[in-house]
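Novice: One file is attached below, query14.csv, containing CSV, C-alpha atoms and all ligand atoms.
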chain,number,residue,atom,x,y,z
Z,132,MET,CA,258.0,40.8,65.3
Z,133,THR,CA,256.8,44.0,63.7
Z,134,ALA,CA,259.4,46.0,61.7
Z,135,GLN,CA,260.1,49.3,63.4
Z,136,ARG,CA,261.3,52.6,62.0
Z,137,VAL,CA,264.5,53.2,64.0
Z,138,LEU,CA,266.8,56.2,64.2
Z,139,ILE,CA,270.3,55.4,65.3
Z,140,THR,CA,272.4,58.4,66.4
Z,141,GLY,CA,276.2,57.9,66.1
Z,142,HIS,CA,275.7,55.2,63.5
Z,143,ARG,CA,279.0,56.1,61.9
Z,144,GLY,CA,281.0,55.5,65.0
Z,145,TYR,CA,282.8,52.4,66.3
Z,146,VAL,CA,279.6,50.7,67.7
Z,147,GLY,CA,277.1,52.2,65.3
Z,148,SER,CA,278.8,51.0,62.1
Z,149,VAL,CA,278.4,47.4,63.4
Z,150,MET,CA,275.0,47.9,65.1
Z,151,ALA,CA,273.1,49.7,62.2
Z,152,PRO,CA,273.5,46.8,59.7
Z,153,VAL,CA,272.5,44.3,62.5
Z,154,MET,CA,269.3,46.1,63.1
Z,155,ALA,CA,268.6,46.5,59.4
Z,156,ALA,CA,269.3,42.8,58.8
Z,157,ALA,CA,266.7,42.0,61.5
Z,158,GLY,CA,264.1,43.7,59.3
Z,159,HIS,CA,263.9,47.2,60.8
Z,160,ASP,CA,263.8,50.4,58.7
Z,161,VAL,CA,267.0,52.0,59.9
Z,162,VAL,CA,268.0,55.7,59.5
Z,163,GLY,CA,271.3,57.0,60.9
Z,164,LEU,CA,272.1,60.4,62.3
Z,165,ASP,CA,275.7,61.5,62.8
Z,166,VAL,CA,277.9,64.6,62.5
Z,167,ASP,CA,280.6,62.2,61.3
Z,168,PHE,CA,283.6,63.4,63.3
Z,169,TYR,CA,285.5,60.3,62.2
Z,170,ARG,CA,284.9,60.5,58.5
Z,171,ASP,CA,288.2,59.5,56.7
Z,172,CYS,CA,289.0,57.1,59.6
Z,173,ASP,CA,287.7,53.9,58.0
Z,174,LEU,CA,289.7,50.7,58.4
Z,175,ALA,CA,287.2,49.0,56.1
Z,176,PRO,CA,284.2,50.2,54.2
Z,177,VAL,CA,281.5,51.6,56.4
Z,178,PRO,CA,278.0,50.1,55.6
Z,179,ASP,CA,275.7,52.3,53.6
Z,180,ILE,CA,272.8,53.4,55.8
Z,181,ARG,CA,270.4,56.2,54.9
Z,182,THR,CA,271.6,59.1,56.9
Z,183,MET,CA,270.5,62.4,58.4
Z,184,ASP,CA,273.6,64.6,58.5
Z,185,ARG,CA,272.7,66.4,61.7
Z,186,ASP,CA,274.2,67.3,65.1
Z,187,ILE,CA,272.2,66.0,68.0
Z,188,ARG,CA,272.5,69.5,69.5
Z,189,ASP,CA,270.2,70.8,66.6
Z,190,VAL,CA,267.6,68.0,66.4
Z,191,SER,CA,264.0,69.0,66.6
Z,192,ALA,CA,260.8,67.0,67.1
Z,193,HIS,CA,260.0,67.5,63.4
Z,194,ASP,CA,263.2,65.5,62.5
Z,195,LEU,CA,261.9,62.6,64.6
Z,196,GLU,CA,258.3,62.3,63.4
Z,197,GLY,CA,257.4,58.9,62.2
Z,198,PHE,CA,260.1,56.9,64.1
Z,199,ASP,CA,259.1,54.2,66.5
Z,200,ALA,CA,262.4,54.2,68.4
Z,201,VAL,CA,265.6,56.1,68.8
Z,202,VAL,CA,268.9,54.2,69.6
Z,203,HIS,CA,271.2,56.9,71.0
Z,204,LEU,CA,274.9,56.1,70.6
Z,205,ALA,CA,276.2,59.6,69.6
Z,206,ALA,CA,278.5,61.0,72.2
Z,207,LEU,CA,282.0,62.1,73.0
Z,208,SER,CA,282.9,58.6,73.9
Z,209,ASN,CA,285.6,58.5,76.6
Z,210,ASP,CA,287.3,60.0,79.6
Z,211,PRO,CA,290.3,61.7,77.8
Z,212,ILE,CA,288.0,63.8,75.6
Z,213,GLY,CA,286.1,64.9,78.7
Z,214,ASN,CA,289.5,66.0,80.1
Z,215,LEU,CA,290.2,68.0,76.9
Z,216,ASN,CA,287.1,70.2,77.4
Z,217,PRO,CA,284.4,69.2,79.9
Z,218,ASP,CA,282.0,71.7,78.4
Z,219,TRP,CA,281.9,69.7,75.1
Z,220,THR,CA,281.2,66.4,76.9
Z,221,ASP,CA,278.4,68.1,78.9
Z,222,SER,CA,276.8,69.9,75.9
Z,223,ILE,CA,276.8,66.8,73.7
Z,224,ASN,CA,276.4,63.9,76.2
Z,225,ARG,CA,274.1,65.4,78.8
Z,226,GLU,CA,272.4,68.4,77.2
Z,227,GLY,CA,272.3,66.9,73.7
Z,228,THR,CA,270.8,63.7,75.1
Z,229,ARG,CA,268.2,65.6,77.0
Z,230,ARG,CA,267.2,67.6,73.9
Z,231,LEU,CA,267.1,64.6,71.7
Z,232,ALA,CA,265.0,62.6,74.1
Z,233,GLY,CA,262.6,65.6,74.7
Z,234,SER,CA,262.2,66.0,70.9
Z,235,ALA,CA,261.6,62.2,70.6
Z,236,ARG,CA,258.9,62.2,73.2
Z,237,GLU,CA,257.3,65.3,71.6
Z,238,ALA,CA,257.4,63.5,68.2
Z,239,GLY,CA,255.6,60.4,69.6
Z,240,VAL,CA,258.7,58.1,69.5
Z,241,GLY,CA,257.8,55.2,71.9
Z,242,ARG,CA,261.2,53.9,72.9
Z,243,PHE,CA,264.6,55.4,73.5
Z,244,LEU,CA,267.6,53.1,74.0
Z,245,PHE,CA,270.6,54.9,75.6
Z,246,ALA,CA,274.2,53.7,75.3
Z,247,SER,CA,275.3,54.1,78.8
Z,248,SER,CA,278.4,52.8,80.6
Z,249,CYS,CA,279.4,50.7,83.6
Z,250,ILE,CA,282.1,53.4,84.1
Z,251,MET,CA,279.5,55.3,86.1
Z,252,TYR,CA,279.9,52.9,89.1
Z,253,GLY,CA,283.4,54.3,89.6
Z,254,LEU,CA,285.5,52.7,92.3
Z,255,SER,CA,284.0,49.7,94.1
Z,256,GLU,CA,287.0,48.5,96.0
Z,257,GLY,CA,286.7,45.2,94.3
Z,258,GLY,CA,283.1,44.6,95.3
Z,259,GLU,CA,280.3,43.8,92.9
Z,260,VAL,CA,278.1,46.5,91.4
Z,261,ASP,CA,274.5,46.0,90.2
Z,262,GLU,CA,271.9,48.4,88.8
Z,263,HIS,CA,271.0,49.4,92.4
Z,264,SER,CA,274.5,50.3,93.4
Z,265,PRO,CA,275.2,53.9,94.1
Z,266,LEU,CA,276.7,55.7,91.1
Z,267,ASN,CA,280.1,57.1,91.8
Z,268,PRO,CA,281.3,58.8,88.5
Z,269,GLN,CA,284.9,59.8,88.6
Z,270,THR,CA,285.3,61.7,85.4
Z,271,ASP,CA,283.4,64.3,83.3
Z,272,TYR,CA,282.5,61.6,80.8
Z,273,ALA,CA,281.1,59.3,83.5
Z,274,ARG,CA,279.2,62.3,85.1
Z,275,SER,CA,277.7,63.2,81.7
Z,276,LYS,CA,276.3,59.6,81.4
Z,277,VAL,CA,274.8,59.8,84.9
Z,278,ALA,CA,273.2,63.1,84.2
Z,279,ALA,CA,271.9,61.9,80.8
Z,280,GLU,CA,270.3,58.8,82.4
Z,281,GLN,CA,268.7,61.0,85.1
Z,282,SER,CA,267.1,63.3,82.5
Z,283,LEU,CA,265.9,60.3,80.5
Z,284,LEU,CA,264.1,58.8,83.5
Z,285,GLU,CA,262.5,62.2,84.2
Z,286,LEU,CA,261.0,62.1,80.7
Z,287,ALA,CA,259.6,58.5,81.1
Z,288,ALA,CA,255.9,58.4,80.4
Z,289,PRO,CA,253.3,55.8,79.5
Z,290,ASP,CA,254.0,56.4,75.8
Z,291,PHE,CA,257.8,57.1,76.1
Z,292,SER,CA,260.1,54.4,77.4
Z,293,PRO,CA,263.7,55.2,78.0
Z,294,VAL,CA,266.0,52.1,78.4
Z,295,LEU,CA,269.4,52.6,79.9
Z,296,LEU,CA,271.9,50.0,78.6
Z,297,ARG,CA,275.1,50.1,80.6
Z,298,ASN,CA,277.9,48.6,78.7
Z,299,GLY,CA,281.3,47.4,79.8
Z,300,THR,CA,284.3,48.2,77.6
Z,301,ILE,CA,283.4,47.1,74.1
Z,302,TYR,CA,285.9,45.3,71.9
Z,303,GLY,CA,286.0,43.6,68.5
Z,304,PHE,CA,286.4,44.7,64.9
Z,305,SER,CA,284.5,47.6,63.4
Z,306,PRO,CA,285.0,49.4,60.1
Z,307,ARG,CA,285.4,52.5,62.3
Z,308,MET,CA,287.9,50.9,64.6
Z,309,ARG,CA,288.9,52.3,68.0
Z,310,PHE,CA,292.3,51.4,69.6
Z,311,ASP,CA,291.7,53.6,72.6
Z,312,THR,CA,289.9,50.9,74.6
Z,313,VAL,CA,291.5,48.1,76.6
Z,314,LEU,CA,291.3,44.9,74.6
Z,315,ASN,CA,291.4,46.5,71.2
Z,316,SER,CA,294.5,48.4,72.2
Z,317,LEU,CA,296.2,45.3,73.6
Z,318,VAL,CA,295.6,43.3,70.4
Z,319,GLY,CA,296.7,46.2,68.2
Z,320,SER,CA,299.9,46.6,70.2
Z,321,ALA,CA,300.7,42.9,70.1
Z,322,LEU,CA,300.3,42.7,66.4
Z,323,THR,CA,302.2,45.8,65.5
Z,324,THR,CA,305.0,45.9,68.2
Z,325,GLY,CA,305.1,42.3,69.4
Z,326,ARG,CA,304.6,43.6,72.9
Z,327,ILE,CA,301.6,43.7,75.3
Z,328,THR,CA,302.2,46.2,78.1
Z,329,VAL,CA,300.2,46.3,81.2
Z,330,LEU,CA,301.0,49.5,83.1
Z,331,GLY,CA,299.5,48.5,86.5
Z,332,ASP,CA,299.8,45.1,88.2
Z,333,GLY,CA,297.0,43.6,86.0
Z,334,ARG,CA,294.8,42.8,88.9
Z,335,PRO,CA,291.9,45.3,88.4
Z,336,TRP,CA,288.7,43.8,87.1
Z,337,ARG,CA,286.9,45.1,84.0
Z,338,PRO,CA,283.7,44.0,82.3
Z,339,VAL,CA,284.4,43.6,78.6
Z,340,VAL,CA,281.8,42.8,75.9
Z,341,TYR,CA,282.0,41.9,72.2
Z,342,ILE,CA,280.8,44.5,69.8
Z,343,GLY,CA,278.5,42.1,67.9
Z,344,ASP,CA,276.9,41.0,71.2
Z,345,VAL,CA,276.3,44.6,72.1
Z,346,ALA,CA,274.5,45.1,68.7
Z,347,ARG,CA,272.3,42.1,69.4
Z,348,ALA,CA,271.6,43.1,73.0
Z,349,PHE,CA,270.3,46.5,71.8
Z,350,LEU,CA,268.2,44.7,69.2
Z,351,ALA,CA,266.8,42.5,72.0
Z,352,ALA,CA,265.9,45.7,74.0
Z,353,LEU,CA,264.4,47.3,71.0
Z,354,GLU,CA,262.1,44.3,70.3
Z,355,ALA,CA,261.3,43.4,73.9
Z,356,PRO,CA,257.7,44.1,75.2
Z,357,ARG,CA,257.5,47.5,76.7
Z,358,GLU,CA,256.8,46.4,80.3
Z,359,MET,CA,260.0,44.4,80.4
Z,360,VAL,CA,262.3,47.4,79.7
Z,361,HIS,CA,260.3,50.6,80.4
Z,362,ALA,CA,262.5,53.1,82.4
Z,363,GLN,CA,264.9,50.3,83.3
Z,364,ALA,CA,268.7,50.3,83.6
Z,365,PHE,CA,270.6,47.1,82.6
Z,366,ASN,CA,274.2,46.1,82.9
Z,367,VAL,CA,274.8,44.5,79.5
Z,368,GLY,CA,277.0,41.4,79.8
Z,369,ALA,CA,277.4,38.1,81.6
Z,370,ALA,CA,279.3,37.1,84.7
Z,371,ALA,CA,282.1,35.4,82.6
Z,372,LEU,CA,282.8,38.7,80.9
Z,373,ASN,CA,284.3,40.2,84.1
Z,374,LYS,CA,288.0,39.8,83.6
Z,375,GLN,CA,291.2,40.9,85.3
Z,376,VAL,CA,293.4,43.0,83.0
Z,377,ARG,CA,296.1,40.4,83.3
Z,378,GLU,CA,293.6,37.8,82.0
Z,379,LEU,CA,292.8,40.0,79.0
Z,380,ALA,CA,296.5,40.4,78.4
Z,381,ALA,CA,297.1,36.7,78.6
Z,382,ALA,CA,294.2,36.1,76.1
Z,383,VAL,CA,295.8,38.6,73.7
Z,384,GLN,CA,299.2,36.9,74.1
Z,385,HIS,CA,297.6,33.6,73.1
Z,386,ALA,CA,295.8,35.3,70.2
Z,387,VAL,CA,299.1,36.8,68.9
Z,388,PRO,CA,301.6,34.0,69.1
Z,389,GLY,CA,305.2,35.2,69.8
Z,390,SER,CA,304.1,38.4,71.5
Z,391,ASP,CA,305.7,39.4,74.8
Z,392,LEU,CA,303.8,40.3,77.8
Z,393,GLU,CA,305.2,42.8,80.3
Z,394,VAL,CA,303.5,43.8,83.5
Z,395,LEU,CA,305.0,47.1,84.7
Z,396,ALA,CA,303.1,47.4,88.0
Z,397,GLN,CA,303.6,51.2,88.0
Z,398,PRO,CA,302.3,52.5,91.3
Z,399,ASP,CA,300.5,55.5,89.6
Z,400,ALA,CA,298.7,53.3,87.0
Z,401,ASP,CA,294.9,53.2,86.7
Z,402,GLN,CA,294.0,50.6,89.4
Z,403,ARG,CA,290.2,51.3,89.3
Z,404,THR,CA,288.5,47.9,89.7
Z,405,TYR,CA,284.9,46.8,89.6
Z,406,ARG,CA,283.1,43.6,89.0
Z,407,THR,CA,279.7,43.9,87.5
Z,408,ASN,CA,276.6,41.9,88.3
Z,409,PHE,CA,274.7,40.9,85.1
Z,410,GLY,CA,271.9,39.0,86.8
Z,411,LYS,CA,269.2,41.5,85.8
Z,412,TRP,CA,270.0,41.1,82.1
Z,413,ALA,CA,270.1,37.3,82.4
Z,414,ALA,CA,266.7,37.3,84.2
Z,415,THR,CA,265.0,39.6,81.7
Z,416,PHE,CA,266.5,38.1,78.6
Z,417,PRO,CA,266.9,34.4,79.5
Z,418,GLU,CA,267.2,33.4,75.8
Z,419,PHE,CA,270.0,35.8,75.1
Z,420,GLN,CA,273.5,34.3,74.6
Z,421,PHE,CA,276.7,36.3,74.6
Z,422,GLU,CA,278.4,34.7,71.7
Z,423,ARG,CA,282.1,35.5,72.3
Z,424,THR,CA,284.3,35.2,75.2
Z,425,PRO,CA,287.2,37.7,75.3
Z,426,GLU,CA,289.5,34.8,74.5
Z,427,GLN,CA,287.6,34.0,71.3
Z,428,GLY,CA,287.1,37.7,70.5
Z,429,ALA,CA,290.8,38.4,70.8
Z,430,VAL,CA,291.6,35.6,68.3
Z,431,GLU,CA,289.0,36.9,65.9
Z,432,LEU,CA,290.1,40.5,66.1
Z,433,ALA,CA,293.8,39.6,65.6
Z,434,GLY,CA,292.8,37.6,62.5
Z,435,ILE,CA,290.8,40.4,61.0
Z,436,LEU,CA,293.4,43.1,61.7
Z,437,THR,CA,296.0,40.9,60.1
Z,438,GLU,CA,293.8,40.6,57.0
Z,439,HIS,CA,293.6,44.4,56.9
Z,440,ASP,CA,297.4,44.7,57.2
Z,441,LEU,CA,297.3,46.9,60.3
Z,442,THR,CA,300.7,48.6,60.6
Z,443,TYR,CA,302.3,50.3,63.6
Z,444,ALA,CA,301.9,53.7,61.9
Z,445,GLY,CA,298.2,52.9,61.4
Z,446,PHE,CA,297.7,51.6,65.0
Z,447,THR,CA,299.3,54.8,66.5
Z,448,SER,CA,297.8,57.3,64.0
Z,449,ASP,CA,295.0,59.7,64.9
Z,450,ARG,CA,292.5,57.6,62.9
Z,451,TYR,CA,291.6,55.2,65.6
Z,452,THR,CA,292.0,57.2,68.8
Z,453,ARG,CA,289.1,59.5,69.4
Z,454,LEU,CA,291.0,62.2,71.4
Z,455,LYS,CA,293.9,62.4,68.9
Z,456,ARG,CA,291.4,62.7,66.0
Z,457,LEU,CA,289.4,65.5,67.6
Z,458,ARG,CA,292.6,67.3,68.5
Z,459,ALA,CA,293.8,67.1,64.9
Z,460,LEU,CA,290.5,68.4,63.6
Z,461,LEU,CA,290.7,71.3,66.1
Z,462,ASP,CA,294.3,72.1,65.3
Z,463,SER,CA,293.6,72.2,61.6
Z,464,GLY,CA,290.6,74.4,62.0
Z,465,ALA,CA,288.2,71.9,60.6
Z,466,LEU,CA,286.3,72.0,63.9
Z,467,ASP,CA,285.7,75.2,65.8
Z,468,ASP,CA,285.8,75.7,69.6
Z,469,ARG,CA,282.3,74.4,69.9
Z,470,LEU,CA,283.1,71.2,67.9
Z,471,ARG,CA,281.2,72.4,64.8
Z,472,TRP,CA,282.6,71.7,61.4
Z,473,GLN,CA,284.2,74.9,59.9
Z,474,VAL,CA,285.8,74.0,56.7
Z,475,ALA,CA,283.2,74.7,54.0
Z,476,GLU,CA,283.7,71.5,52.0
Z,477,MET,CA,283.7,69.4,55.2
Z,478,ALA,CA,280.5,70.8,56.6
Z,479,GLN,CA,277.4,69.1,55.6
M,1,LIG,N1,283.2,51.8,73.0
M,1,LIG,C1,283.0,51.4,74.3
M,1,LIG,O1,283.8,50.7,74.9
M,1,LIG,C2,281.8,52.0,75.0
M,1,LIG,C3,281.5,51.5,76.3
M,1,LIG,C4,280.4,51.9,77.0
M,1,LIG,C5,279.6,52.9,76.4
M,1,LIG,N2,279.9,53.3,75.2
M,1,LIG,C6,278.9,54.3,74.6
M,1,LIG,O2,278.5,53.8,73.3
M,1,LIG,C7,278.3,54.9,72.4
M,1,LIG,C8,279.0,54.6,71.1
M,1,LIG,O3,280.4,54.5,71.4
M,1,LIG,P1,281.5,54.3,70.3
M,1,LIG,O4,282.6,53.6,70.8
M,1,LIG,O5,280.9,53.9,69.0
M,1,LIG,O6,282.0,55.9,70.1
M,1,LIG,P2,282.5,56.6,68.8
M,1,LIG,O7,283.3,57.8,69.3
M,1,LIG,O8,283.2,55.7,67.9
M,1,LIG,O9,281.2,57.1,68.0
M,1,LIG,C9,280.4,58.1,68.4
M,1,LIG,C10,279.7,58.7,67.1
M,1,LIG,O10,278.9,59.8,67.6
M,1,LIG,C11,279.0,60.8,66.6
M,1,LIG,N3,278.7,62.1,67.3
M,1,LIG,C12,279.4,62.6,68.4
M,1,LIG,N4,278.9,63.8,68.7
M,1,LIG,C13,277.8,64.0,67.9
M,1,LIG,C14,276.8,65.0,67.8
M,1,LIG,N5,276.9,66.1,68.6
M,1,LIG,N6,275.9,64.9,66.9
M,1,LIG,C15,275.8,63.8,66.1
M,1,LIG,N7,276.7,62.8,66.1
M,1,LIG,C16,277.7,62.9,67.0
M,1,LIG,C17,280.5,60.7,66.2
M,1,LIG,O11,280.6,61.4,64.9
M,1,LIG,C18,280.7,59.2,66.1
M,1,LIG,O12,280.4,58.7,64.8
M,1,LIG,C19,278.7,56.1,73.1
M,1,LIG,O13,277.6,56.8,73.7
M,1,LIG,C20,279.7,55.6,74.2
M,1,LIG,O14,279.7,56.5,75.3
M,1,LIG,C21,280.9,52.9,74.4
Output the file's structure as structure tokens, nothing else.

Specialist:
Amino acid sequence: MTAQRVLITGHRGYVGSVMAPVMAAAGHDVVGLDVDFYRDCDLAPVPDIRTMDRDIRDVSAHDLEGFDAVVHLAALSNDPIGNLNPDWTDSINREGTRRLAGSAREAGVGRFLFASSCIMYGLSEGGEVDEHSPLNPQTDYARSKVAAEQSLLELAAPDFSPVLLRNGTIYGFSPRMRFDTVLNSLVGSALTTGRITVLGDGRPWRPVVYIGDVARAFLAALEAPREMVHAQAFNVGAAALNKQVRELAAAVQHAVPGSDLEVLAQPDADQRTYRTNFGKWAATFPEFQFERTPEQGAVELAGILTEHDLTYAGFTSDRYTRLKRLRALLDSGALDDRLRWQVAEMAQ
């Protein structure tokens, strides 16, 4: 395997701060690019990676010269932020991705891995979705991912290979922890309140995937021969990673002995449900093993969070919930109404 020069955007986020060291340890020359919205939100030291302090909305082809690949993680990363201001999600997730990819192609970067999401399948009434299923995005965040994928496919060329990696909900420990995703939130709640609360009836299906496995899956897509991945979408995961919310809750109850599980079955709770077919990933990467089940991952996460003395105040603070943090930065004036750093000493 030839070492590649790789730019990872969003390398200081939840996924990026785990993925960047994995790619570096595999022998690649990794540079990060991040506007660092979640600085001061470390639960553990964030790995030291050479960094371009840059907003993806400002990147030019000149910045990307000499890179073999771009791994594009930077985004406003969930539905609630989209609801806060859809224009921000559109300008960063859709337009920012289009600009970054256009610059990458112009600079001669050969491969562009995009962190997409299974959320774009929307409601499937309990059926199974694969990469050919119609996309049915329900939120501004999901729509931004669909539009970004579309613009990447339009840029595909013999010397520019976009690869669309559709992840389920990612869980597991990261130095830049998030508790606004399903399994992380259930573990954090069980540890700091002794309770696991499921708002709906727990029957909806969700694909979940361990953060370390996502990092290795992106590495596999980076290193794969071009013809295996060129302009392809992949659901990243395995059949056994489709879980009902109540199964996830039970796994967490097992991981945090003594915690209570309550299923509220509120009629207005989020009952979106979808099961994801991961056959294409398995057929393309037959050697790849997903190393953690959610049951194992919940035990591991509970153990690491206990070592880090996670408190209730920490769990519910703005540090680990993306929407709360952005709101705090906006309220304090640190970010302006275009999500640009304002406070002189905080701007890079
Ligand atoms: N976490 C999940 O469960 C999940 C699931 C599916 C897909 N994804 C996708 O994976 C990617 C990474 O997710 P995450 O959980 O690490 O999110 P995150 O919010 O923790 O990290 C995103 C990073 O991008 C940076 N960023 C945001 N806007 C930027 C900009 N304009 N310029 C430069 N940097 C910018 C932020 O500072 C942050 O460090 C995202 O694209 C997300 O949509 C995540």

Novice: Residues at most 7 Å from stretch 370-377 of chain Z, counting all atoms listed in the file, excluding those fewer than 6 positions away in the same chain, as a ChimeraX atom specification?

Specialist: /Z:333-340,406-409,424

Novice: Could you save those same residues with C-alpha atoms as a short mmCIF file (atom, residue, chain, number, x, y, z; two decimals), keeping the file's coordinate frame?

Specialist:
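Output file part20.cif follows:
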data_model
loop_
_atom_site.label_atom_id
_atom_site.label_comp_id
_atom_site.auth_asym_id
_atom_site.auth_seq_id
_atom_site.Cartn_x
_atom_site.Cartn_y
_atom_site.Cartn_z
CA GLY Z 333 297.00 43.60 86.00
CA ARG Z 334 294.80 42.80 88.90
CA PRO Z 335 291.90 45.30 88.40
CA TRP Z 336 288.70 43.80 87.10
CA ARG Z 337 286.90 45.10 84.00
CA PRO Z 338 283.70 44.00 82.30
CA VAL Z 339 284.40 43.60 78.60
CA VAL Z 340 281.80 42.80 75.90
CA ARG Z 406 283.10 43.60 89.00
CA THR Z 407 279.70 43.90 87.50
CA ASN Z 408 276.60 41.90 88.30
CA PHE Z 409 274.70 40.90 85.10
CA THR Z 424 284.30 35.20 75.20
#

Novice: Could I get the residue neighbourhood of ligand LIG 1 (chain M) at 7 Å, counting all atoms listed in the file, as a VMD selection string?

Specialist: chain Z and resid 140 to 147 164 to 169 185 to 188 203 to 209 223 227 246 to 249 297 to 302 307 309 312 453

Novice: Between Z:Pro388, Z:Gly343, Z:Gly197, Z:Pro217, which one has atoms that come closest to Z:Glu237, using only C-alpha atoms?

Specialist: Z:Gly197

Novice: Quick one: everything within 12 Å of stretch 417-421 of chain Z, counting all atoms listed in the file, minus sequence neighbours fewer than 2 positions away in the same chain. Send it as a PyMOL selection string.

Specialist: chain Z and resi 339-352+355+367-372+409-415+423-425+427-428

Novice: Can you tell me how far atom CA of Z:Asn315 sits from atom CA of Z:Ala364, in Å to one decimal?

Specialist: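 Taking atom CA of Z:Asn315 and atom CA of Z:Ala364, their separation equals 26.1 Å.
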
Novice: Measure the distance from atom CA of Z:Ile435 to atom CA of Z:Thr323 in Å and round it to one decimal.

Specialist: 13.4 Å

Novice: Hey, can you check how far atom CA of Z:Met359 sits from atom CA of Z:Val294?

Specialist: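 For atom CA of Z:Met359 relative to atom CA of Z:Val294, the distance reads 10.0 Å.
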
Novice: Identify, on the basis of only C-alpha atoms, every residue whose closest approach to Z:Val201 does not exceed 12 Å; exclude the query and any residue fewer than 5 positions from it along the same chain; express the result as a PyMOL selection string.

Specialist: chain Z and resi 135-142+151+160-164+187+194-196+228+231-236+238-246+291-294+349-350+352-353

Novice: Find the residues near Z:Ala175: any atom within 8 Å, counting all atoms listed in the file, skip ones fewer than 6 places away on the same chain, and give them as JSON, numbers by chain.

Specialist: {"Z": [305, 306, 307, 439]}

Novice: Would you kindly return, as a list in words, each protein, DNA or RNA residue with an atom no farther than 12 Å from any atom of Z:Ser448, considering all atoms listed in the file and excluding same-chain residues fewer than 6 positions away?

Specialist: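 Skipping anything fewer than 6 positions along the chain leaves Cys172, Leu174, Met308, Arg309, Phe310, Asp311, Gly319, Leu441, Thr442, Leu454, Lys455, Arg456 and Ala459 of chain Z.
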
Novice: To test the calculation: enclose all listed atoms of stretch 132-150 of chain Z in a box whose edges run along x, y and z, add 3 Å on each side, then state centre and edge lengths in Å to one decimal, as AutoDock Vina command-line options.

Specialist:
--center_x 269.8 --center_y 49.6 --center_z 64.7 --size_x 32.0 --size_y 23.6 --size_z 12.0

Novice: Of the candidates Z:Asp399, Z:Asp467, Z:Glu259, Z:Asp189, which one gets nearest to Z:Glu226 if we count all atoms listed in the file?

Specialist: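 Among Z:Asp399, Z:Asp467, Z:Glu259, Z:Asp189, it is Z:Asp189 that comes nearest to Z:Glu226.
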
Novice: Pull the neighbourhood of (288.2, 58.4, 81.1) for me: all residues within 10 Å in file coordinates, counting only C-alpha atoms, as a list in words.

Specialist: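 Collected hits near the coordinates: Ser208, Asn209, Asp210, Pro211, Ile212, Gly213, Asn214, Ile250, Gln269, Thr270, Asp271, Tyr272 and Ala273 of chain Z.
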